[in-house]
Structures are given as C-alpha cells and as structure tokens.
Amino acid sequence: MTTTTTTTTPKTKTILFLGATGGVALATLRRALAAGHTCIALCRTPAKLTACFPDNTPPANLRLVQGDAHDASTLERCLLLPPADADAENNGNSNGPVAVVDAIVFSIGARPTLRGISDPHVCEAGMRALLDALRRCRARANSNSTWTPPRLVVVSTTGISAHQRDVPLPMLPLYRLLLHTAHEDKRAMERLVMDTTATTTTRTRRSSARGEEEEEPQAEEGDGPEDNDRPLVDWTLVRGSLYTDGPATEGRVRVGMEDPVRGVVHSRAVGYTISREDVGKWVWENCLCADDGKWVGKAATITY
C-alpha cells in the first residue's frame with residue numbers, strides 16, 4: 001500500500017513597513033525578506049534603506065515607495081494590493097473585493113534628544129493617517145462582509161501604561177523628564193489604535209454583582225466591530241523598555257502581557273533595556289511568522 005504525503009506550502013504574505021530605515025522595523029523586515037515574503041517599505045528617503053543592504057541592493061521581494069507616511073493617500077496606495085495580486089487573493093475573480101496587505105509594521109518615531117524632538121506629534125499623526133487610509137480601503141471593498149482586517153503591529157514604549165508600572169523605579173525620573181513629550185505622543189498613538197476596537201460611545205448595563213447601572217463602552221459607527229462585525233485591524237502594541245542598538249540574544253528576553261482596553265494585566269515584565277534587534281525578532285516570531293492570535297488586542301512589554 002502506497003502512502004501519499006501532502007505538504008502544505010506556507011502562504012506568502014504581503015507586509016507593509018512604516019519606519020523601516022532602522023531599529024525594530026528593520027530587524028523585522030530583514031527576517032520577513034529572508035522568509036520570502038513580499039515587503040513594501042514606505043520611506044521619505046529610500047536611499048537610507050537601500051544602504052542597509054549589501055552593495056546597496058535590496059532583495060527582489062522588497063518594494064520601495066518614496067513618500068510621506070503622514071499622507072493618507074500615499075498610505076492607501078501602499079495598502080492596496082496590485083490588481084494581479086488582488087485577483088490571486090480573490091481566486092482569480094477580478095470583480096472580487098478590494099484586497100489589502102496582510103500585515104503592517106508601524107515603527108514611526110523620532111529619537112528624543114536634549115533639545116527635544118522635531119515633531120512632538122509624529123507618531124499620533126502617522127497613526128491617524130494610517131487608520132484613515134485603512135478606512136478608505138474598507139469603504140472601497142465591494143461588501144463589508146468581505147473585509148479581512150490586516151495585522152497591525154505598533155512599536156511603542158514602556159512607561160505609558162495606564163494600568164501598571166512597567167519600568168524600574170530608578171528609571172522614572174528619566175522617563176518623566178527627558179521622555180515626557182515623546183511618551184505623550186506614544187500615548188495618543190496608542191489611543192487611536194485602541195479606539196478601532198473599543199469604544200467611544202456608551203450604553204448602560206445592569207451589574208448583577210452590585211445591582212446598579214454602569215456605563216459600558218460601545219463602538220462608534222465606522223470604527224469598531226459593530227460596523228461590520230469585524231475590526232478595522234487586528235492590532236498588537238509592542239512596548240519595549242529603553243531601546244539599545246545591541247544584537248539579538250538567546251533566552252534573555254522577558255515578555256509581559258496587558259489588555260489595555262479592558263485594563264487587565266495578565267503578566268508583568270519590568271526591566272531596564274532591550275535591543276531593537278531582539279524586539280524585531282520577537283515581532284517576527286510572535287506576530288507575523290507564527291501568529292496564533294494570542295497577542296491580538298494586547299500590549300506586549302518586552303525587556304531583559
């Protein structure tokens with residue numbers, strides 16, 4: 001008797017990178033390219049990214065787009081798959097729904113200096129533009145029921161959680177004095193992300209435990225799951241501790257989990273530093289390569 005073994009080829013994803021010229025996004029991008037995925041990088045100066053590759057030559061599966069990540073129209077063009085790719089996503093049906101990228105890695109930011117940062121709203125403005133572009137894409141879909149939320153991984157920081165202290169006490173003066181402006185920007189960015197699934201209007205519910213009415217959040221039209229029973233994006237916030245430029249390590253990384261919408265801290269990880277390379281490796285392994293949904297709607301605290 002002959003036994004036939006069937007092997008399944010992993011699906012090739014299309015991943016959009018914003019802020020890929022360095023840091024966490026670059027570390028994630030290198031791994032995605034090596035795995036054969038199609039990657040799109042929106043850069044204000046593409047030459048800065050090509051310089052990161054041998055002989056200034058990016059791999060064939062990387063598409064560089066020059067433009068401003070604060071421009072929703074530019075982002076919309078990056079999010080939409082080319083017609084041939086969209087037809088493949090729709091099983092050859094050229095009249096099928098609009099297809100967008102499978103995942104987005106958002107790593108826009110400005111490194112703070114003693115003089116402050118050049119744009120104190122760089123993260124907030126970038127996220128607002130991205131979400132506007134995503135809503136445009138969803139509006140272009142033939143039917144809301146066909147919308148497949150792309151995976152959105154947002155690189156953020158520790159020190160901004162409303163539900164826990166995730167930095168060591170000796171680090172608090174640094175975070176509150178030197179990083180205050182940058183962290184306010186990150187907080188605003190995170191609120192925009194969380195508002196895509198959680199709530200901005202309210203309805204009342206009766207608490208059986210206390211016998212009184214409480215206010216329970218409910219999504220506004222166009223933003224949350226009530227719009228089409230599926231969220232705009234499947235997001236994860238990645239909060240690294242103080243970022244360094246060191247290499248990836250083995251076995252040293254600790255990760256805490258928080259549900260920032262419900263205010264639940266599942267586990268804590270408090271530490272001083274983490275390399276951008278290690279965070280990029282974690283993002284690749286847990287949110288893009290073998291994503292089981294564990295981190296959707298969660299914030300990951302990553303540190304040594």
# chains A, B, ... in the order shown; residues from 1 in each chain; ligands from 1

$ residues_around --residues "A:Pro170" --least-positions-apart "5" --cutoff "12 Å" --atoms "only C-alpha atoms" --output "number ranges by chain"
A: 175-176, 270-272

$ residues_around --residues "A:Val253" --least-positions-apart "6" --cutoff "7 Å" --atoms "only C-alpha atoms" --output "PyMOL selection string"
chain A and resi 302-304

$ write_last_selection --atoms "N, CA and C atoms" --output "compact mmCIF listing (two decimals), in the first residue's frame"
# COMPACT_ATOMS: atom_id res chain seq x y z
N ILE A 302 8.31 44.16 26.53
CA ILE A 302 9.49 43.35 26.19
C ILE A 302 10.73 43.96 26.82
N THR A 303 11.47 43.15 27.56
CA THR A 303 12.66 43.66 28.25
C THR A 303 13.59 42.50 28.57
N TYR A 304 14.78 42.83 29.04
CA TYR A 304 15.72 41.82 29.54
C TYR A 304 15.46 41.59 31.03

$ atom_distance --atom1 "atom CA of A:Ile108" --atom2 "atom CA of A:Met127"
8.7 Å

$ atom_distance --atom1 "atom CA of A:Gly251" --atom2 "atom CA of A:Met171"
23.9 Å

$ atom_distance --atom1 "atom CA of A:Gly297" --atom2 "atom CA of A:Ala41"
24.3 Å

$ closest_residue --among "A:Ala162, A:Leu152, A:Val193, A:Ala99" --to "A:Cys123" --atoms "only C-alpha atoms"
A:Val193

$ residues_around --residues "stretch 47-60 of chain A" --least-positions-apart "4" --cutoff "10 Å" --atoms "only C-alpha atoms" --output "PDB file with all heavy atoms, in the first residue's frame"
ATOM      1  N   GLY A  19       8.472  53.209   8.716  1.00  0.00           N
ATOM      2  CA  GLY A  19       9.573  53.471   9.628  1.00  0.00           C
ATOM      3  C   GLY A  19      10.615  52.374   9.586  1.00  0.00           C
ATOM      4  O   GLY A  19      11.175  51.989  10.618  1.00  0.00           O
ATOM      5  N   ALA A  20      10.895  51.874   8.376  1.00  0.00           N
ATOM      6  CA  ALA A  20      11.746  50.688   8.230  1.00  0.00           C
ATOM      7  C   ALA A  20      13.227  51.001   8.102  1.00  0.00           C
ATOM      8  O   ALA A  20      14.023  50.078   7.945  1.00  0.00           O
ATOM      9  CB  ALA A  20      11.302  49.887   7.001  1.00  0.00           C
ATOM     10  N   THR A  21      13.611  52.263   8.165  1.00  0.00           N
ATOM     11  CA  THR A  21      15.012  52.584   7.914  1.00  0.00           C
ATOM     12  C   THR A  21      15.917  52.307   9.107  1.00  0.00           C
ATOM     13  O   THR A  21      17.126  52.535   9.026  1.00  0.00           O
ATOM     14  CB  THR A  21      15.150  54.066   7.505  1.00  0.00           C
ATOM     15  OG1 THR A  21      14.514  54.891   8.494  1.00  0.00           O
ATOM     16  CG2 THR A  21      14.509  54.315   6.154  1.00  0.00           C
ATOM     17  N   GLY A  22      15.360  51.823  10.183  1.00  0.00           N
ATOM     18  CA  GLY A  22      16.209  51.498  11.324  1.00  0.00           C
ATOM     19  C   GLY A  22      15.414  50.867  12.436  1.00  0.00           C
ATOM     20  O   GLY A  22      14.185  50.780  12.382  1.00  0.00           O
ATOM     21  N   LEU A  26      13.365  47.535  10.952  1.00  0.00           N
ATOM     22  CA  LEU A  26      14.405  46.991  10.081  1.00  0.00           C
ATOM     23  C   LEU A  26      14.752  45.565  10.478  1.00  0.00           C
ATOM     24  O   LEU A  26      14.941  44.695   9.618  1.00  0.00           O
ATOM     25  CB  LEU A  26      15.648  47.880  10.118  1.00  0.00           C
ATOM     26  CG  LEU A  26      16.823  47.415   9.255  1.00  0.00           C
ATOM     27  CD1 LEU A  26      16.427  47.313   7.791  1.00  0.00           C
ATOM     28  CD2 LEU A  26      18.018  48.360   9.423  1.00  0.00           C
ATOM     29  N   ARG A  30      14.172  42.447   7.807  1.00  0.00           N
ATOM     30  CA  ARG A  30      15.204  41.506   7.350  1.00  0.00           C
ATOM     31  C   ARG A  30      14.705  40.061   7.461  1.00  0.00           C
ATOM     32  O   ARG A  30      14.934  39.244   6.558  1.00  0.00           O
ATOM     33  CB  ARG A  30      16.472  41.674   8.185  1.00  0.00           C
ATOM     34  CG  ARG A  30      17.204  42.984   7.979  1.00  0.00           C
ATOM     35  CD  ARG A  30      18.514  42.962   8.771  1.00  0.00           C
ATOM     36  NE  ARG A  30      19.175  44.236   8.827  1.00  0.00           N
ATOM     37  CZ  ARG A  30      19.966  44.734   7.878  1.00  0.00           C
ATOM     38  NH1 ARG A  30      20.172  44.036   6.767  1.00  0.00           N
ATOM     39  NH2 ARG A  30      20.551  45.910   8.037  1.00  0.00           N
ATOM     40  N   LEU A  33      11.938  39.349   4.785  1.00  0.00           N
ATOM     41  CA  LEU A  33      12.526  39.191   3.456  1.00  0.00           C
ATOM     42  C   LEU A  33      13.219  37.841   3.314  1.00  0.00           C
ATOM     43  O   LEU A  33      13.081  37.157   2.293  1.00  0.00           O
ATOM     44  CB  LEU A  33      13.529  40.323   3.187  1.00  0.00           C
ATOM     45  CG  LEU A  33      12.942  41.725   2.994  1.00  0.00           C
ATOM     46  CD1 LEU A  33      14.051  42.768   2.994  1.00  0.00           C
ATOM     47  CD2 LEU A  33      12.138  41.804   1.692  1.00  0.00           C
ATOM     48  N   ALA A  34      13.955  37.441   4.348  1.00  0.00           N
ATOM     49  CA  ALA A  34      14.664  36.159   4.304  1.00  0.00           C
ATOM     50  C   ALA A  34      13.695  34.990   4.208  1.00  0.00           C
ATOM     51  O   ALA A  34      14.029  33.947   3.630  1.00  0.00           O
ATOM     52  CB  ALA A  34      15.545  36.012   5.547  1.00  0.00           C
ATOM     53  N   GLY A  36      11.015  35.047   2.486  1.00  0.00           N
ATOM     54  CA  GLY A  36      10.407  35.048   1.159  1.00  0.00           C
ATOM     55  C   GLY A  36       9.120  35.827   1.023  1.00  0.00           C
ATOM     56  O   GLY A  36       8.455  35.759  -0.014  1.00  0.00           O
ATOM     57  N   THR A  38       6.647  39.117   0.543  1.00  0.00           N
ATOM     58  CA  THR A  38       6.687  40.359  -0.202  1.00  0.00           C
ATOM     59  C   THR A  38       6.573  41.516   0.774  1.00  0.00           C
ATOM     60  O   THR A  38       5.620  41.583   1.557  1.00  0.00           O
ATOM     61  CB  THR A  38       5.531  40.430  -1.224  1.00  0.00           C
ATOM     62  OG1 THR A  38       5.664  39.345  -2.135  1.00  0.00           O
ATOM     63  CG2 THR A  38       5.557  41.739  -1.977  1.00  0.00           C
ATOM     64  N   CYS A  39       7.537  42.408   0.742  1.00  0.00           N
ATOM     65  CA  CYS A  39       7.567  43.514   1.694  1.00  0.00           C
ATOM     66  C   CYS A  39       7.527  44.846   0.954  1.00  0.00           C
ATOM     67  O   CYS A  39       8.155  45.004  -0.098  1.00  0.00           O
ATOM     68  CB  CYS A  39       8.818  43.450   2.564  1.00  0.00           C
ATOM     69  SG  CYS A  39       8.928  41.945   3.574  1.00  0.00           S
ATOM     70  N   ALA A  41       8.069  48.966   1.708  1.00  0.00           N
ATOM     71  CA  ALA A  41       8.603  49.922   2.679  1.00  0.00           C
ATOM     72  C   ALA A  41       8.359  51.329   2.163  1.00  0.00           C
ATOM     73  O   ALA A  41       8.841  51.694   1.092  1.00  0.00           O
ATOM     74  CB  ALA A  41      10.093  49.685   2.916  1.00  0.00           C
ATOM     75  N   LEU A  42       7.580  52.084   2.913  1.00  0.00           N
ATOM     76  CA  LEU A  42       7.343  53.491   2.581  1.00  0.00           C
ATOM     77  C   LEU A  42       8.384  54.327   3.305  1.00  0.00           C
ATOM     78  O   LEU A  42       8.462  54.310   4.533  1.00  0.00           O
ATOM     79  CB  LEU A  42       5.934  53.901   2.993  1.00  0.00           C
ATOM     80  CG  LEU A  42       5.576  55.383   2.821  1.00  0.00           C
ATOM     81  CD1 LEU A  42       5.654  55.799   1.355  1.00  0.00           C
ATOM     82  CD2 LEU A  42       4.191  55.673   3.390  1.00  0.00           C
ATOM     83  N   CYS A  43       9.191  55.054   2.534  1.00  0.00           N
ATOM     84  CA  CYS A  43      10.294  55.822   3.113  1.00  0.00           C
ATOM     85  C   CYS A  43      10.303  57.224   2.523  1.00  0.00           C
ATOM     86  O   CYS A  43      10.087  57.403   1.319  1.00  0.00           O
ATOM     87  CB  CYS A  43      11.650  55.167   2.819  1.00  0.00           C
ATOM     88  SG  CYS A  43      11.785  53.421   3.235  1.00  0.00           S
ATOM     89  N   LEU A  64      10.232  49.375  -2.677  1.00  0.00           N
ATOM     90  CA  LEU A  64      10.443  50.657  -2.018  1.00  0.00           C
ATOM     91  C   LEU A  64       9.516  51.707  -2.605  1.00  0.00           C
ATOM     92  O   LEU A  64       9.390  51.828  -3.824  1.00  0.00           O
ATOM     93  CB  LEU A  64      11.894  51.106  -2.173  1.00  0.00           C
ATOM     94  CG  LEU A  64      12.945  50.272  -1.422  1.00  0.00           C
ATOM     95  CD1 LEU A  64      14.342  50.649  -1.878  1.00  0.00           C
ATOM     96  CD2 LEU A  64      12.802  50.481   0.071  1.00  0.00           C
ATOM     97  N   GLN A  66       8.690  55.821  -2.276  1.00  0.00           N
ATOM     98  CA  GLN A  66       9.086  57.102  -1.709  1.00  0.00           C
ATOM     99  C   GLN A  66       7.831  57.909  -1.397  1.00  0.00           C
ATOM    100  O   GLN A  66       6.934  58.046  -2.231  1.00  0.00           O
ATOM    101  CB  GLN A  66       9.974  57.883  -2.677  1.00  0.00           C
ATOM    102  CG  GLN A  66      10.476  59.207  -2.106  1.00  0.00           C
ATOM    103  CD  GLN A  66      11.470  59.902  -3.022  1.00  0.00           C
ATOM    104  OE1 GLN A  66      11.608  59.525  -4.183  1.00  0.00           O
ATOM    105  NE2 GLN A  66      12.167  60.898  -2.498  1.00  0.00           N
TER     106      GLN A  66
END

$ residues_around --residues "stretch 281-286 of chain A" --least-positions-apart "3" --cutoff "8 Å" --atoms "only C-alpha atoms" --output "VMD selection string"
chain A and resid 27 to 28 31 to 32 153 238 248 277 to 278 289 to 291 295

$ closest_atom_pairs --of "stretch 119-168 of chain A" --to "stretch 265-269 of chain A" --cutoff "12 Å" --atoms "only C-alpha atoms" --output "JSON lines"
{"residue": "A:Thr158", "atom": "CA", "partner": "A:Ala269", "partner_atom": "CA", "distance": 10.2}
{"residue": "A:Ser161", "atom": "CA", "partner": "A:Val265", "partner_atom": "CA", "distance": 10.1}
{"residue": "A:Ala162", "atom": "CA", "partner": "A:Val265", "partner_atom": "CA", "distance": 10.5}
{"residue": "A:His163", "atom": "CA", "partner": "A:Val265", "partner_atom": "CA", "distance": 7.2}
{"residue": "A:Gln164", "atom": "CA", "partner": "A:Val265", "partner_atom": "CA", "distance": 7.4}
{"residue": "A:Arg165", "atom": "CA", "partner": "A:Arg268", "partner_atom": "CA", "distance": 9.0}
{"residue": "A:Asp166", "atom": "CA", "partner": "A:Ala269", "partner_atom": "CA", "distance": 6.8}
{"residue": "A:Val167", "atom": "CA", "partner": "A:Ala269", "partner_atom": "CA", "distance": 8.6}
{"residue": "A:Pro168", "atom": "CA", "partner": "A:Ala269", "partner_atom": "CA", "distance": 10.1}

$ write_last_selection --atoms "N, CA, C and O atoms" --output "PDB file, in the first residue's frame"
ATOM      1  N   THR A 158       7.592  51.302  26.869  1.00  0.00           N
ATOM      2  CA  THR A 158       7.156  51.180  28.263  1.00  0.00           C
ATOM      3  C   THR A 158       7.056  52.580  28.870  1.00  0.00           C
ATOM      4  O   THR A 158       7.472  53.576  28.274  1.00  0.00           O
ATOM      5  N   SER A 161       1.834  52.941  30.234  1.00  0.00           N
ATOM      6  CA  SER A 161       0.647  52.161  30.572  1.00  0.00           C
ATOM      7  C   SER A 161      -0.184  52.877  31.633  1.00  0.00           C
ATOM      8  O   SER A 161       0.343  53.449  32.582  1.00  0.00           O
ATOM      9  N   ALA A 162      -1.502  52.813  31.448  1.00  0.00           N
ATOM     10  CA  ALA A 162      -2.418  53.383  32.431  1.00  0.00           C
ATOM     11  C   ALA A 162      -2.780  52.381  33.515  1.00  0.00           C
ATOM     12  O   ALA A 162      -3.505  52.720  34.453  1.00  0.00           O
ATOM     13  N   HIS A 163      -2.260  51.154  33.426  1.00  0.00           N
ATOM     14  CA  HIS A 163      -2.717  50.083  34.305  1.00  0.00           C
ATOM     15  C   HIS A 163      -1.610  49.420  35.112  1.00  0.00           C
ATOM     16  O   HIS A 163      -1.888  48.548  35.929  1.00  0.00           O
ATOM     17  N   GLN A 164      -0.355  49.819  34.902  1.00  0.00           N
ATOM     18  CA  GLN A 164       0.729  49.195  35.643  1.00  0.00           C
ATOM     19  C   GLN A 164       1.981  50.055  35.537  1.00  0.00           C
ATOM     20  O   GLN A 164       2.123  50.883  34.630  1.00  0.00           O
ATOM     21  N   ARG A 165       2.901  49.837  36.475  1.00  0.00           N
ATOM     22  CA  ARG A 165       4.238  50.424  36.349  1.00  0.00           C
ATOM     23  C   ARG A 165       5.119  49.373  35.710  1.00  0.00           C
ATOM     24  O   ARG A 165       5.398  48.340  36.296  1.00  0.00           O
ATOM     25  N   ASP A 166       5.570  49.643  34.509  1.00  0.00           N
ATOM     26  CA  ASP A 166       6.353  48.656  33.777  1.00  0.00           C
ATOM     27  C   ASP A 166       7.805  49.082  33.576  1.00  0.00           C
ATOM     28  O   ASP A 166       8.502  48.557  32.709  1.00  0.00           O
ATOM     29  N   VAL A 167       8.255  50.050  34.370  1.00  0.00           N
ATOM     30  CA  VAL A 167       9.668  50.450  34.349  1.00  0.00           C
ATOM     31  C   VAL A 167      10.194  50.434  35.779  1.00  0.00           C
ATOM     32  O   VAL A 167       9.436  50.669  36.737  1.00  0.00           O
ATOM     33  N   PRO A 168      11.484  50.175  35.977  1.00  0.00           N
ATOM     34  CA  PRO A 168      12.051  50.187  37.336  1.00  0.00           C
ATOM     35  C   PRO A 168      11.968  51.595  37.946  1.00  0.00           C
ATOM     36  O   PRO A 168      12.049  52.598  37.225  1.00  0.00           O
TER      37      PRO A 168
END
